[in-house]
file my_file.tsv (TSV, C-alpha atoms)
chain	number	residue	atom	x	y	z
X	1	MET	CA	118.96	130.90	50.66
X	2	ARG	CA	116.74	128.25	49.18
X	3	ARG	CA	119.53	127.19	46.86
X	4	VAL	CA	121.93	126.88	49.80
X	5	LEU	CA	119.43	124.74	51.71
X	6	ALA	CA	118.84	122.59	48.65
X	7	PHE	CA	122.57	122.17	48.18
X	8	LYS	CA	123.06	121.26	51.83
X	9	ARG	CA	120.32	118.68	51.51
X	10	PHE	CA	121.92	117.36	48.40
X	11	ALA	CA	125.35	117.15	50.04
X	12	ARG	CA	123.86	115.40	53.06
X	13	SER	CA	122.09	112.92	50.84
X	14	VAL	CA	125.47	111.93	49.41
X	15	SER	CA	127.34	111.66	52.70
X	16	GLU	CA	124.62	110.05	54.83
X	17	PRO	CA	122.44	107.07	54.06
X	18	SER	CA	119.22	108.25	52.50
X	19	ASP	CA	115.78	107.52	53.94
X	20	GLN	CA	115.30	104.94	51.21
X	21	ASP	CA	118.51	103.16	52.23
X	22	LEU	CA	117.37	103.11	55.84
X	23	VAL	CA	113.94	101.80	54.82
X	24	ALA	CA	115.65	99.02	52.88
X	25	GLY	CA	117.74	98.27	55.96
X	26	ALA	CA	114.67	98.20	58.19
X	27	LEU	CA	112.93	95.85	55.78
X	28	ASN	CA	115.96	93.56	56.06
X	29	GLY	CA	115.41	93.43	59.81
X	30	GLU	CA	117.94	96.07	60.89
X	31	SER	CA	116.16	97.78	63.76
X	32	ALA	CA	118.92	100.40	63.99
X	33	SER	CA	117.90	101.67	60.56
X	34	PHE	CA	114.35	102.29	61.68
X	35	ALA	CA	115.60	103.91	64.88
X	36	GLU	CA	117.64	106.30	62.73
X	37	LEU	CA	114.55	107.08	60.64
X	38	ALA	CA	112.55	107.77	63.78
X	39	THR	CA	115.26	110.08	65.11
X	40	ARG	CA	115.34	111.99	61.84
X	41	HIS	CA	111.61	112.53	61.57
X	42	ARG	CA	110.41	112.64	65.19
X	43	ALA	CA	110.46	116.44	65.49
X	44	ARG	CA	108.43	116.94	62.34
X	45	VAL	CA	105.86	114.31	63.27
X	46	GLU	CA	105.46	115.83	66.74
X	47	ARG	CA	105.02	119.26	65.20
X	48	ILE	CA	102.15	117.99	63.04
X	49	CYS	CA	100.48	116.43	66.08
X	50	GLN	CA	100.92	119.72	67.96
X	51	ARG	CA	98.86	121.43	65.31
X	52	PHE	CA	95.90	119.35	66.38
X	53	PHE	CA	96.45	118.85	70.10
X	54	SER	CA	98.01	121.05	72.73
X	55	ASP	CA	98.46	118.33	75.36
X	56	ALA	CA	102.15	117.31	75.29
X	57	GLU	CA	101.39	113.79	76.49
X	58	GLN	CA	98.85	113.31	73.75
X	59	VAL	CA	101.30	114.62	71.16
X	60	ARG	CA	103.98	112.18	72.26
X	61	ASP	CA	101.50	109.28	72.19
X	62	LEU	CA	100.35	110.15	68.69
X	63	ALA	CA	103.92	110.54	67.44
X	64	GLN	CA	104.79	107.15	68.87
X	65	GLU	CA	101.70	105.62	67.33
X	66	THR	CA	102.70	107.12	63.99
X	67	PHE	CA	106.03	105.33	64.08
X	68	ILE	CA	104.40	102.08	65.18
X	69	HIS	CA	102.02	102.30	62.22
X	70	ALA	CA	104.89	103.17	59.92
X	71	TYR	CA	106.92	100.18	61.09
X	72	GLY	CA	103.95	97.89	60.63
X	73	GLY	CA	103.23	99.21	57.15
X	74	LEU	CA	106.80	99.56	55.94
X	75	LYS	CA	106.33	96.84	53.35
X	76	GLY	CA	103.60	98.90	51.73
X	77	TYR	CA	105.78	102.00	51.49
X	78	ARG	CA	106.52	103.07	47.91
X	79	ALA	CA	109.93	104.58	47.32
X	80	GLU	CA	108.62	107.23	44.90
X	81	ILE	CA	107.12	109.18	47.82
X	82	PRO	CA	109.50	110.95	50.22
X	83	PHE	CA	109.53	109.06	53.51
X	84	GLY	CA	108.77	112.27	55.43
X	85	ALA	CA	105.63	112.88	53.37
X	86	TRP	CA	104.51	109.30	54.00
X	87	LEU	CA	104.98	109.72	57.75
X	88	ARG	CA	103.17	113.04	57.62
X	89	ALA	CA	100.19	111.35	55.98
X	90	ILE	CA	100.11	108.66	58.69
X	91	ALA	CA	100.39	111.25	61.47
X	92	THR	CA	97.65	113.39	59.94
X	93	ASN	CA	95.27	110.49	59.60
X	94	LEU	CA	95.92	109.37	63.18
X	95	CYS	CA	95.24	112.89	64.43
X	96	TYR	CA	92.05	113.01	62.37
X	97	ASP	CA	90.88	109.73	63.90
X	98	GLU	CA	91.64	111.08	67.36
X	99	LEU	CA	89.72	114.28	66.61
X	100	ARG	CA	86.71	112.26	65.59
X	101	ARG	CA	86.92	110.25	68.79
X	102	ARG	CA	86.96	113.27	71.09
X	103	ARG	CA	84.62	115.79	69.57
X	104	ARG	CA	84.45	119.07	71.48
X	105	ARG	CA	81.29	121.03	71.88
X	106	PRO	CA	81.03	124.74	71.07
X	107	GLU	CA	79.52	125.40	74.49
X	108	GLU	CA	82.82	124.51	76.13
X	109	LEU	CA	84.53	127.42	74.41
X	110	VAL	CA	83.77	130.36	76.69
X	111	ALA	CA	84.43	128.39	79.87
X	112	ASP	CA	87.92	127.57	78.59
X	113	PHE	CA	89.18	131.13	78.24
X	114	SER	CA	92.22	132.19	80.20
X	115	ALA	CA	92.37	135.69	81.67
X	116	ALA	CA	94.52	136.91	78.78
X	117	GLU	CA	92.16	135.46	76.20
X	118	ALA	CA	89.14	137.01	77.89
X	119	ASN	CA	91.04	140.28	77.85
X	120	TRP	CA	91.67	139.91	74.12
X	121	VAL	CA	87.96	139.29	73.53
X	122	GLY	CA	87.22	142.44	75.51
X	123	LEU	CA	89.66	144.38	73.35
X	124	ILE	CA	88.07	142.98	70.20
X	125	ASN	CA	84.77	144.45	71.34
X	126	THR	CA	86.07	147.86	72.33
X	127	ALA	CA	89.19	148.84	70.35
X	128	THR	CA	89.25	150.51	66.94
X	129	PRO	CA	90.20	148.41	63.87
X	130	GLU	CA	93.64	150.04	63.76
X	131	GLN	CA	94.28	149.28	67.40
X	132	LEU	CA	93.27	145.67	66.81
X	133	VAL	CA	95.80	145.23	64.01
X	134	GLU	CA	98.50	146.75	66.21
X	135	ALA	CA	97.56	144.72	69.26
X	136	ALA	CA	97.36	141.38	67.47
X	137	GLU	CA	101.07	141.62	66.68
X	138	GLU	CA	102.08	141.50	70.30
X	139	ARG	CA	99.43	139.26	71.73
X	140	ARG	CA	100.07	135.57	71.80
X	141	GLU	CA	96.55	135.00	73.08
X	142	ALA	CA	95.19	136.16	69.71
X	143	LYS	CA	96.58	132.97	68.22
X	144	THR	CA	95.65	130.69	71.12
X	145	LEU	CA	92.10	132.02	71.03
X	146	ALA	CA	91.91	131.41	67.28
X	147	ASP	CA	93.10	127.85	67.98
X	148	LYS	CA	90.35	127.43	70.56
X	149	LEU	CA	87.78	128.62	68.05
X	150	LEU	CA	89.18	126.11	65.60
X	151	ALA	CA	88.81	123.36	68.19
X	152	THR	CA	85.04	123.87	68.23
X	153	LEU	CA	84.66	122.92	64.55
X	154	LYS	CA	83.87	119.53	63.10
X	155	PRO	CA	86.92	117.25	62.84
X	156	GLU	CA	87.03	117.40	59.05
X	157	ASP	CA	86.77	121.21	59.06
X	158	ARG	CA	89.50	121.41	61.61
X	159	LEU	CA	91.67	119.01	59.66
X	160	VAL	CA	91.43	120.99	56.44
X	161	LEU	CA	92.09	124.37	58.04
X	162	THR	CA	94.96	123.05	60.09
X	163	LEU	CA	96.68	121.50	57.11
X	164	GLN	CA	95.99	124.45	54.82
X	165	ASN	CA	96.91	127.26	57.19
X	166	GLY	CA	99.16	125.60	59.75
X	167	GLU	CA	101.14	123.24	57.54
X	168	GLU	CA	100.74	125.40	54.42
X	169	MET	CA	99.74	122.41	52.32
X	170	SER	CA	98.19	122.82	48.90
X	171	VAL	CA	94.74	121.51	48.07
X	172	SER	CA	96.20	118.61	46.09
X	173	GLU	CA	98.53	117.66	48.96
X	174	ILE	CA	95.64	117.59	51.41
X	175	ALA	CA	93.54	115.59	48.97
X	176	GLY	CA	96.40	113.08	48.63
X	177	ILE	CA	96.81	112.67	52.38
X	178	VAL	CA	93.17	112.48	53.40
X	179	GLY	CA	91.95	110.60	50.34
X	180	TRP	CA	89.34	113.16	49.31
X	181	SER	CA	88.86	114.75	45.90
X	182	GLU	CA	90.35	118.21	45.41
X	183	ALA	CA	86.85	119.64	44.95
X	184	LYS	CA	85.81	118.23	48.32
X	185	VAL	CA	88.87	119.74	49.99
X	186	LYS	CA	88.07	123.16	48.50
X	187	ILE	CA	84.42	123.02	49.53
X	188	ARG	CA	85.26	121.78	52.99
X	189	ALA	CA	87.86	124.55	53.44
X	190	PHE	CA	85.34	127.18	52.37
X	191	ARG	CA	82.67	125.88	54.75
X	192	ALA	CA	85.20	125.51	57.54
X	193	ARG	CA	86.17	129.17	57.22
X	194	GLN	CA	82.53	130.16	57.31
X	195	ALA	CA	81.92	128.02	60.39
X	196	LEU	CA	84.96	129.52	62.10
X	197	ARG	CA	83.73	133.05	61.42
X	198	ARG	CA	80.30	132.13	62.76
X	199	GLN	CA	81.92	130.91	65.98
X	200	ALA	CA	83.94	134.11	66.20
X	201	ALA	CA	80.87	136.26	65.60
X	202	ARG	CA	79.29	134.75	68.72
X	203	LEU	CA	81.98	136.48	70.77
X	204	VAL	CA	81.49	139.89	69.20
X	205	LYS	CA	78.85	142.16	70.69
X	206	PRO	CA	76.62	144.13	68.32
X	207	ARG	CA	77.45	147.81	68.25
X	208	LYS	CA	75.54	150.83	67.01
X	209	ALA	CA	76.95	152.74	64.06
X	210	GLU	CA	78.25	156.20	64.86
X	211	ASN	CA	76.41	158.03	62.11
S	1	MET	CA	81.92	155.89	49.40
S	2	MET	CA	82.86	152.26	49.75
S	3	ASN	CA	80.07	149.67	49.85
S	4	CYS	CA	79.92	146.67	52.18
S	5	PHE	CA	81.17	144.18	49.58
S	6	GLU	CA	84.22	146.28	48.76
S	7	ALA	CA	84.91	146.87	52.43
S	8	ARG	CA	84.87	143.16	53.29
S	9	GLN	CA	87.13	142.38	50.38
S	10	ASP	CA	89.74	144.70	51.88
S	11	PHE	CA	89.78	143.10	55.34
S	12	VAL	CA	92.70	140.81	54.59
S	13	ARG	CA	94.83	143.53	53.02
S	14	PHE	CA	94.04	145.87	55.90
S	15	TRP	CA	95.04	143.17	58.38
S	16	GLN	CA	98.28	142.58	56.54
S	17	ARG	CA	98.92	146.34	56.30
S	18	ALA	CA	98.91	146.20	52.54
S	19	LEU	CA	96.18	148.79	52.02
S	20	ASP	CA	97.21	152.15	50.61
S	21	GLY	CA	96.25	155.49	52.20
S	22	GLU	CA	93.02	156.46	50.48
S	23	ARG	CA	91.55	152.97	50.41
S	24	ARG	CA	92.46	152.51	54.03
S	25	ARG	CA	90.72	155.75	54.98
S	26	ASP	CA	87.63	154.68	53.01
S	27	LEU	CA	87.56	151.34	54.79
S	28	LEU	CA	87.92	152.89	58.23
S	29	ALA	CA	85.17	155.38	57.41
S	30	HIS	CA	82.93	152.56	56.24
S	31	LEU	CA	83.58	150.52	59.38
S	32	LYS	CA	82.72	153.54	61.48
S	33	GLY	CA	79.41	153.99	59.71
S	34	CYS	CA	78.33	150.37	59.13
S	35	SER	CA	77.65	148.32	62.24
S	36	LYS	CA	77.33	145.05	60.29
S	37	CYS	CA	80.73	145.41	58.65
S	38	ASP	CA	82.24	146.54	61.94
S	39	ARG	CA	80.98	143.38	63.60
S	40	ALA	CA	82.19	141.30	60.67
S	41	PHE	CA	85.64	142.87	60.96
S	42	ARG	CA	85.84	142.12	64.66
S	43	ALA	CA	84.89	138.50	64.01
S	44	PHE	CA	87.48	138.46	61.25
S	45	ALA	CA	90.09	139.81	63.70
S	46	LEU	CA	89.45	136.85	65.99
S	47	THR	CA	90.17	134.33	63.25
S	48	ALA	CA	92.78	136.24	61.24
S	49	PRO	CA	95.81	135.21	63.34
S	50	MET	CA	95.18	131.67	62.18
S	51	LEU	CA	93.63	132.05	58.74
S	52	HIS	CA	95.72	134.88	57.37
S	53	GLY	CA	99.03	134.38	59.10
S	54	GLY	CA	98.61	137.73	60.65
S	55	SER	CA	100.92	139.36	63.05
S	56	ALA	CA	100.80	136.49	65.50
S	57	ALA	CA	102.39	134.02	63.10
S	58	ALA	CA	105.05	136.59	62.29
S	59	ALA	CA	105.94	136.71	65.97
S	60	GLY	CA	107.38	133.24	65.64
S	61	PHE	CA	105.04	130.73	67.17
S	62	ALA	CA	103.18	128.11	65.20
S	63	ALA	CA	105.33	128.89	62.20
S	64	ARG	CA	107.10	126.15	60.31
S	65	PRO	CA	110.85	126.30	61.04
S	66	ALA	CA	112.71	127.68	58.02
S	67	SER	CA	115.14	124.77	57.99
S	68	GLU	CA	112.26	122.32	57.72
S	69	ASN	CA	110.35	124.34	55.21
S	70	ARG	CA	108.88	121.86	52.75
S	71	SER	CA	111.96	119.65	53.02
S	72	ASP	CA	109.88	116.54	52.49
S	73	ALA	CA	108.34	117.90	49.34
S	74	MET	CA	110.11	117.62	46.03
S	75	PRO	CA	112.67	120.40	45.85
S	76	GLU	CA	111.86	123.01	43.22
S	77	GLU	CA	115.41	123.97	42.45
S	78	PHE	CA	117.50	120.90	42.86
S	79	PRO	CA	121.09	121.19	41.66
S	80	THR	CA	120.64	118.72	38.84
S	81	PRO	CA	123.38	117.86	36.41
S	82	GLU	CA	122.20	117.83	32.81
S	83	VAL	CA	121.67	114.14	32.30
S	84	GLY	CA	119.05	113.05	29.82
S	85	HIS	CA	117.91	109.94	31.57
S	86	PRO	CA	119.05	108.01	34.63
S	87	ALA	CA	119.70	104.97	32.49
S	88	LEU	CA	122.12	107.01	30.37
S	89	ALA	CA	124.09	107.97	33.45
S	90	GLY	CA	124.44	104.35	34.48
S	91	LEU	CA	125.31	103.35	30.94
S	92	ALA	CA	128.03	105.99	30.70
S	93	PHE	CA	129.74	104.63	33.76
S	94	ASP	CA	129.28	101.03	32.69
S	95	VAL	CA	130.77	101.67	29.25
S	96	SER	CA	133.76	103.58	30.53
S	97	GLY	CA	134.52	100.65	32.81
S	98	LEU	CA	134.70	102.74	35.94
S	99	ARG	CA	133.93	100.39	38.75
S	100	SER	CA	135.53	102.09	41.68
S	101	ALA	CA	133.49	103.13	44.69
S	102	ASP	CA	133.74	106.78	43.63
S	103	ALA	CA	132.36	106.01	40.21
S	104	ARG	CA	129.49	104.07	41.71
S	105	ARG	CA	128.78	106.93	44.05
S	106	ALA	CA	128.88	109.42	41.18
S	107	ALA	CA	126.47	107.26	39.22
S	108	GLU	CA	124.20	107.10	42.25
S	109	ILE	CA	124.27	110.90	42.56
S	110	LEU	CA	123.34	111.29	38.91
S	111	ARG	CA	120.60	108.71	39.23
S	112	ARG	CA	119.08	110.37	42.30
S	113	ALA	CA	119.32	113.82	40.76
S	114	SER	CA	117.60	112.66	37.61
S	115	VAL	CA	114.91	110.84	39.55
S	116	TYR	CA	114.28	113.98	41.58
S	117	ARG	CA	114.13	116.07	38.47
S	118	LEU	CA	111.79	113.70	36.70
S	119	ALA	CA	109.63	113.33	39.77
S	120	ALA	CA	109.46	117.07	40.29
S	121	ARG	CA	108.34	117.59	36.74
S	122	HIS	CA	105.97	114.65	36.65
S	123	PRO	CA	104.48	113.78	40.01
S	124	LEU	CA	103.29	110.24	40.49
S	125	ARG	CA	100.30	109.62	38.22
S	126	PRO	CA	100.32	105.90	37.49
S	127	TRP	CA	96.89	105.82	35.84
S	128	ARG	CA	97.67	108.68	33.52
S	129	ASP	CA	101.00	107.13	32.55
S	130	ALA	CA	99.36	103.72	31.99
S	131	ALA	CA	96.63	105.28	29.84
S	132	ALA	CA	99.21	107.17	27.77
S	133	GLY	CA	101.20	103.96	27.26
S	134	LEU	CA	98.12	102.00	26.20
S	135	SER	CA	97.12	104.74	23.76
S	136	ALA	CA	100.58	104.70	22.19
S	137	VAL	CA	100.48	100.89	21.82
S	138	ALA	CA	96.99	101.01	20.28
S	139	ALA	CA	98.08	103.68	17.80
S	140	ALA	CA	101.13	101.64	16.80
S	141	VAL	CA	99.02	98.50	16.28
S	142	LEU	CA	96.52	100.37	14.09
S	143	LEU	CA	99.31	101.93	12.04
S	144	LEU	CA	100.90	98.53	11.52
S	145	TYR	CA	97.59	96.97	10.52
S	146	PHE	CA	96.76	99.59	7.94
S	147	SER	CA	100.24	99.58	6.48
S	148	LEU	CA	100.36	95.78	6.09
S	149	ALA	CA	96.76	94.80	5.28
S	150	THR	CA	96.03	95.83	1.65
S	151	PRO	CA	92.48	95.71	0.24
S	152	SER	CA	91.65	92.90	-2.23
S	153	GLN	CA	91.03	95.36	-5.06
S	154	SER	CA	92.09	98.95	-4.95
S	155	PHE	CA	90.13	101.84	-6.42
S	156	ASP	CA	92.86	102.33	-9.04
S	157	ASP	CA	92.38	98.74	-10.19
S	158	LEU	CA	88.66	99.33	-10.60
S	159	LEU	CA	89.29	102.39	-12.77
S	160	ALA	CA	91.76	100.44	-14.90
S	161	THR	CA	89.13	97.82	-15.80
S	162	PRO	CA	86.03	99.71	-17.07
S	163	ASP	CA	84.17	96.43	-17.76
S	164	SER	CA	84.03	95.56	-14.17
S	165	ILE	CA	82.49	98.93	-13.45
S	166	SER	CA	79.83	98.50	-16.10
S	167	GLU	CA	79.14	94.97	-14.88
S	168	ALA	CA	78.77	96.22	-11.42
S	169	ALA	CA	76.47	98.95	-12.64
S	170	THR	CA	74.15	96.50	-14.39
S	171	GLN	CA	73.59	94.43	-11.24
S	172	PRO	CA	70.33	95.34	-9.48
S	173	ASP	CA	71.11	97.28	-6.37
S	174	THR	CA	68.91	95.21	-4.13
S	175	ASP	CA	71.36	94.23	-1.48
S	176	PHE	CA	69.52	96.33	1.06
S	177	LEU	CA	66.50	93.97	0.70
S	178	GLY	CA	68.47	91.01	1.96
S	179	PRO	CA	68.03	87.51	0.46
S	180	GLN	CA	65.18	87.31	-2.00
S	181	MET	CA	62.10	85.54	-0.69
S	182	ALA	CA	60.56	82.62	-2.53
S	183	PRO	CA	57.36	83.56	-4.43
S	184	MET	CA	54.23	83.16	-2.37
S	185	PRO	CA	51.90	80.33	-3.43
S	186	ALA	CA	48.78	81.48	-5.27
S	187	VAL	CA	45.84	81.97	-2.94
S	188	SER	CA	42.52	80.52	-4.00
S	189	ASN	CA	39.43	82.65	-3.68
S	190	ASP	CA	37.31	79.66	-2.99
S	191	ILE	CA	36.67	80.12	0.69
S	192	ALA	CA	34.26	77.28	1.09
S	193	GLY	CA	36.86	74.92	-0.39

call {"tool": "encode", "arguments": {"input": "my_file.tsv", "output": "structure tokens"}}
result
Amino acid sequence: MRRVLAFKRFARSVSEPSDQDLVAGALNGESASFAELATRHRARVERICQRFFSDAEQVRDLAQETFIHAYGGLKGYRAEIPFGAWLRAIATNLCYDELRRRRRRPEELVADFSAAEANWVGLINTATPEQLVEAAEERREAKTLADKLLATLKPEDRLVLTLQNGEEMSVSEIAGIVGWSEAKVKIRAFRARQALRRQAARLVKPRKAEN
Amino acid sequence: MMNCFEARQDFVRFWQRALDGERRRDLLAHLKGCSKCDRAFRAFALTAPMLHGGSAAAAGFAARPASENRSDAMPEEFPTPEVGHPALAGLAFDVSGLRSADARRAAEILRRASVYRLAARHPLRPWRDAAAGLSAVAAAVLLLYFSLATPSQSFDDLLATPDSISEAATQPDTDFLGPQMAPMPAVSNDIAG
């Protein structure tokens, strides 16, 4: 399957103008080339923004801002990096800036729960471990609640966990995008996981052992 | 009986249903008996859908579409023709005089494939490449220097002329003292003058 996808990509790269060709066109003042680039990469950029923000309006604004930044910085773009990866780095950094601007407080968490999420928290406190594993498969709110827990973390913690778990990026990729050392990314990811579990533990009621 | 450390290590595998029968029974028994681990597991269950993929990601939301999967990263298995270097590909087409659009396109395909292959094998590390280049140049310069610059008198020449050795041996080995100082003027003991 991967080979077929790679071959399709390869065939497309021959028949269609590559990203690099379009960048060259845009640098020569052809606005249609940049419009084509934006069309190609819009979905992916919006998906990255959705990882950080659930508000559709906000996602669209950030995606648009990403392309504005990209257009402004097109002269600084180096052809050795895939254009998609370059855009992804811009989008990620814009989202990080936005996260830092609007820091959420942990106290807001409980007030934000929907009925389904509150129900899931209730189940977490009452069901057996086996039932929890079964139930998590069917419950969408398990994921939305985890996202809400994530939203209570510091922006840098949230950034690392989102990129590592949501976008499945490696430590070196994250380090390249954010401009941190790989050691810092690893430490930050470790602390972010700890912080997330601490937040989760606040929702779990202590229970007496049965024996 | 499983201890707390072992139990917590198995959380992820239990969540992903990768725990075999006996181990799974041990874990469940431990969770039943240990309130701290039970609480830790419930906190883990709240975060697992995001941190460990979990069943929620398998249900289809928040997952990266398969068609987009890592498409902007360097492909691992790119269908690369066996071309030693991109310059060779260009040279081959230049030499054979093929100047049609198809030939140019073929050369472009070879060039891109080779660039992808090279880039996949060696990601962009300009400083490392520059340091390697400088080291190679420095080594070449040193090699050239030592091969061209011959000493004024070789050790073999010294052995061939025993007199020079004996002459050298008779010289006082006082170089370590530096230039000899002039003799100090005699000091008179007549203090009163």

call {"tool": "closest_atom_pairs", "arguments": {"input": "my_file.tsv", "of": "chain X", "to": "chain S", "cutoff": "8 Å", "atoms": "all atoms listed in the file", "output": "CSV"}}
result
residue,atom,partner,partner_atom,distance
X:Arg3,CA,S:Glu77,CA,6.8
X:Leu5,CA,S:Ser67,CA,7.6
X:Ala6,CA,S:Phe78,CA,6.2
X:Phe7,CA,S:Pro79,CA,6.8
X:Phe10,CA,S:Pro79,CA,7.8
X:Val14,CA,S:Ile109,CA,7.0
X:Arg51,CA,S:Ala62,CA,8.0
X:Glu80,CA,S:Leu124,CA,7.5
X:Pro82,CA,S:Asp72,CA,6.0
X:Phe83,CA,S:Asp72,CA,7.6
X:Gly84,CA,S:Asp72,CA,5.3
X:Ala85,CA,S:Asp72,CA,5.7
X:Ile124,CA,S:Arg42,CA,6.0
X:Asn125,CA,S:Arg42,CA,7.2
X:Pro129,CA,S:Leu28,CA,7.6
X:Leu132,CA,S:Ala45,CA,7.4
X:Val133,CA,S:Trp15,CA,6.0
X:Ala136,CA,S:Ser55,CA,6.0
X:Glu137,CA,S:Ser55,CA,4.3
X:Glu138,CA,S:Ala56,CA,7.1
X:Arg139,CA,S:Ala56,CA,7.0
X:Arg140,CA,S:Ala56,CA,6.4
X:Ala142,CA,S:Pro49,CA,6.5
X:Lys143,CA,S:Pro49,CA,5.4
X:Leu145,CA,S:Leu46,CA,7.5
X:Ala146,CA,S:Thr47,CA,5.3
X:Asp147,CA,S:Met50,CA,7.2
X:Leu149,CA,S:Thr47,CA,7.8
X:Leu161,CA,S:Leu51,CA,7.9
X:Asn165,CA,S:Leu51,CA,6.0
X:Gly166,CA,S:Ala62,CA,7.2
X:Glu167,CA,S:Arg64,CA,7.2
X:Leu196,CA,S:Thr47,CA,7.2
X:Arg197,CA,S:Ala43,CA,6.1
X:Arg198,CA,S:Ala43,CA,8.0
X:Ala200,CA,S:Ala43,CA,5.0
X:Ala201,CA,S:Ala43,CA,4.9
X:Leu203,CA,S:Ala43,CA,7.6
X:Val204,CA,S:Ala43,CA,6.4
X:Lys205,CA,S:Arg39,CA,7.5
X:Pro206,CA,S:Arg39,CA,6.5
X:Arg207,CA,S:Ser35,CA,6.0
X:Lys208,CA,S:Ser35,CA,5.8
X:Ala209,CA,S:Ser35,CA,4.8
X:Glu210,CA,S:Gly33,CA,5.7
X:Asn211,CA,S:Gly33,CA,5.6

call {"tool": "atom_distance", "arguments": {"input": "my_file.tsv", "atom1": "CA of Phe113 in chain X", "atom2": "CA of Thr92 in chain X"}}
result
26.9 Å

call {"tool": "atom_distance", "arguments": {"input": "my_file.tsv", "atom1": "CA of Glu156 in chain X", "atom2": "CA of Gly72 in chain X"}}
result
25.9 Å

call {"tool": "residues_around", "arguments": {"input": "my_file.tsv", "residues": "range 59-68 of chain X", "least_positions_apart": "4", "cutoff": "6 Å", "atoms": "only C-alpha atoms", "output": "list in words"}}
result
Val45, Glu46, Cys49 and Ala91 of chain X

call {"tool": "closest_residue", "arguments": {"input": "my_file.tsv", "among": "X:Leu94, X:Ala189, X:Ile174, X:Ala35", "to": "Leu22 in chain X", "atoms": "all atoms listed in the file"}}
result
X:Ala35
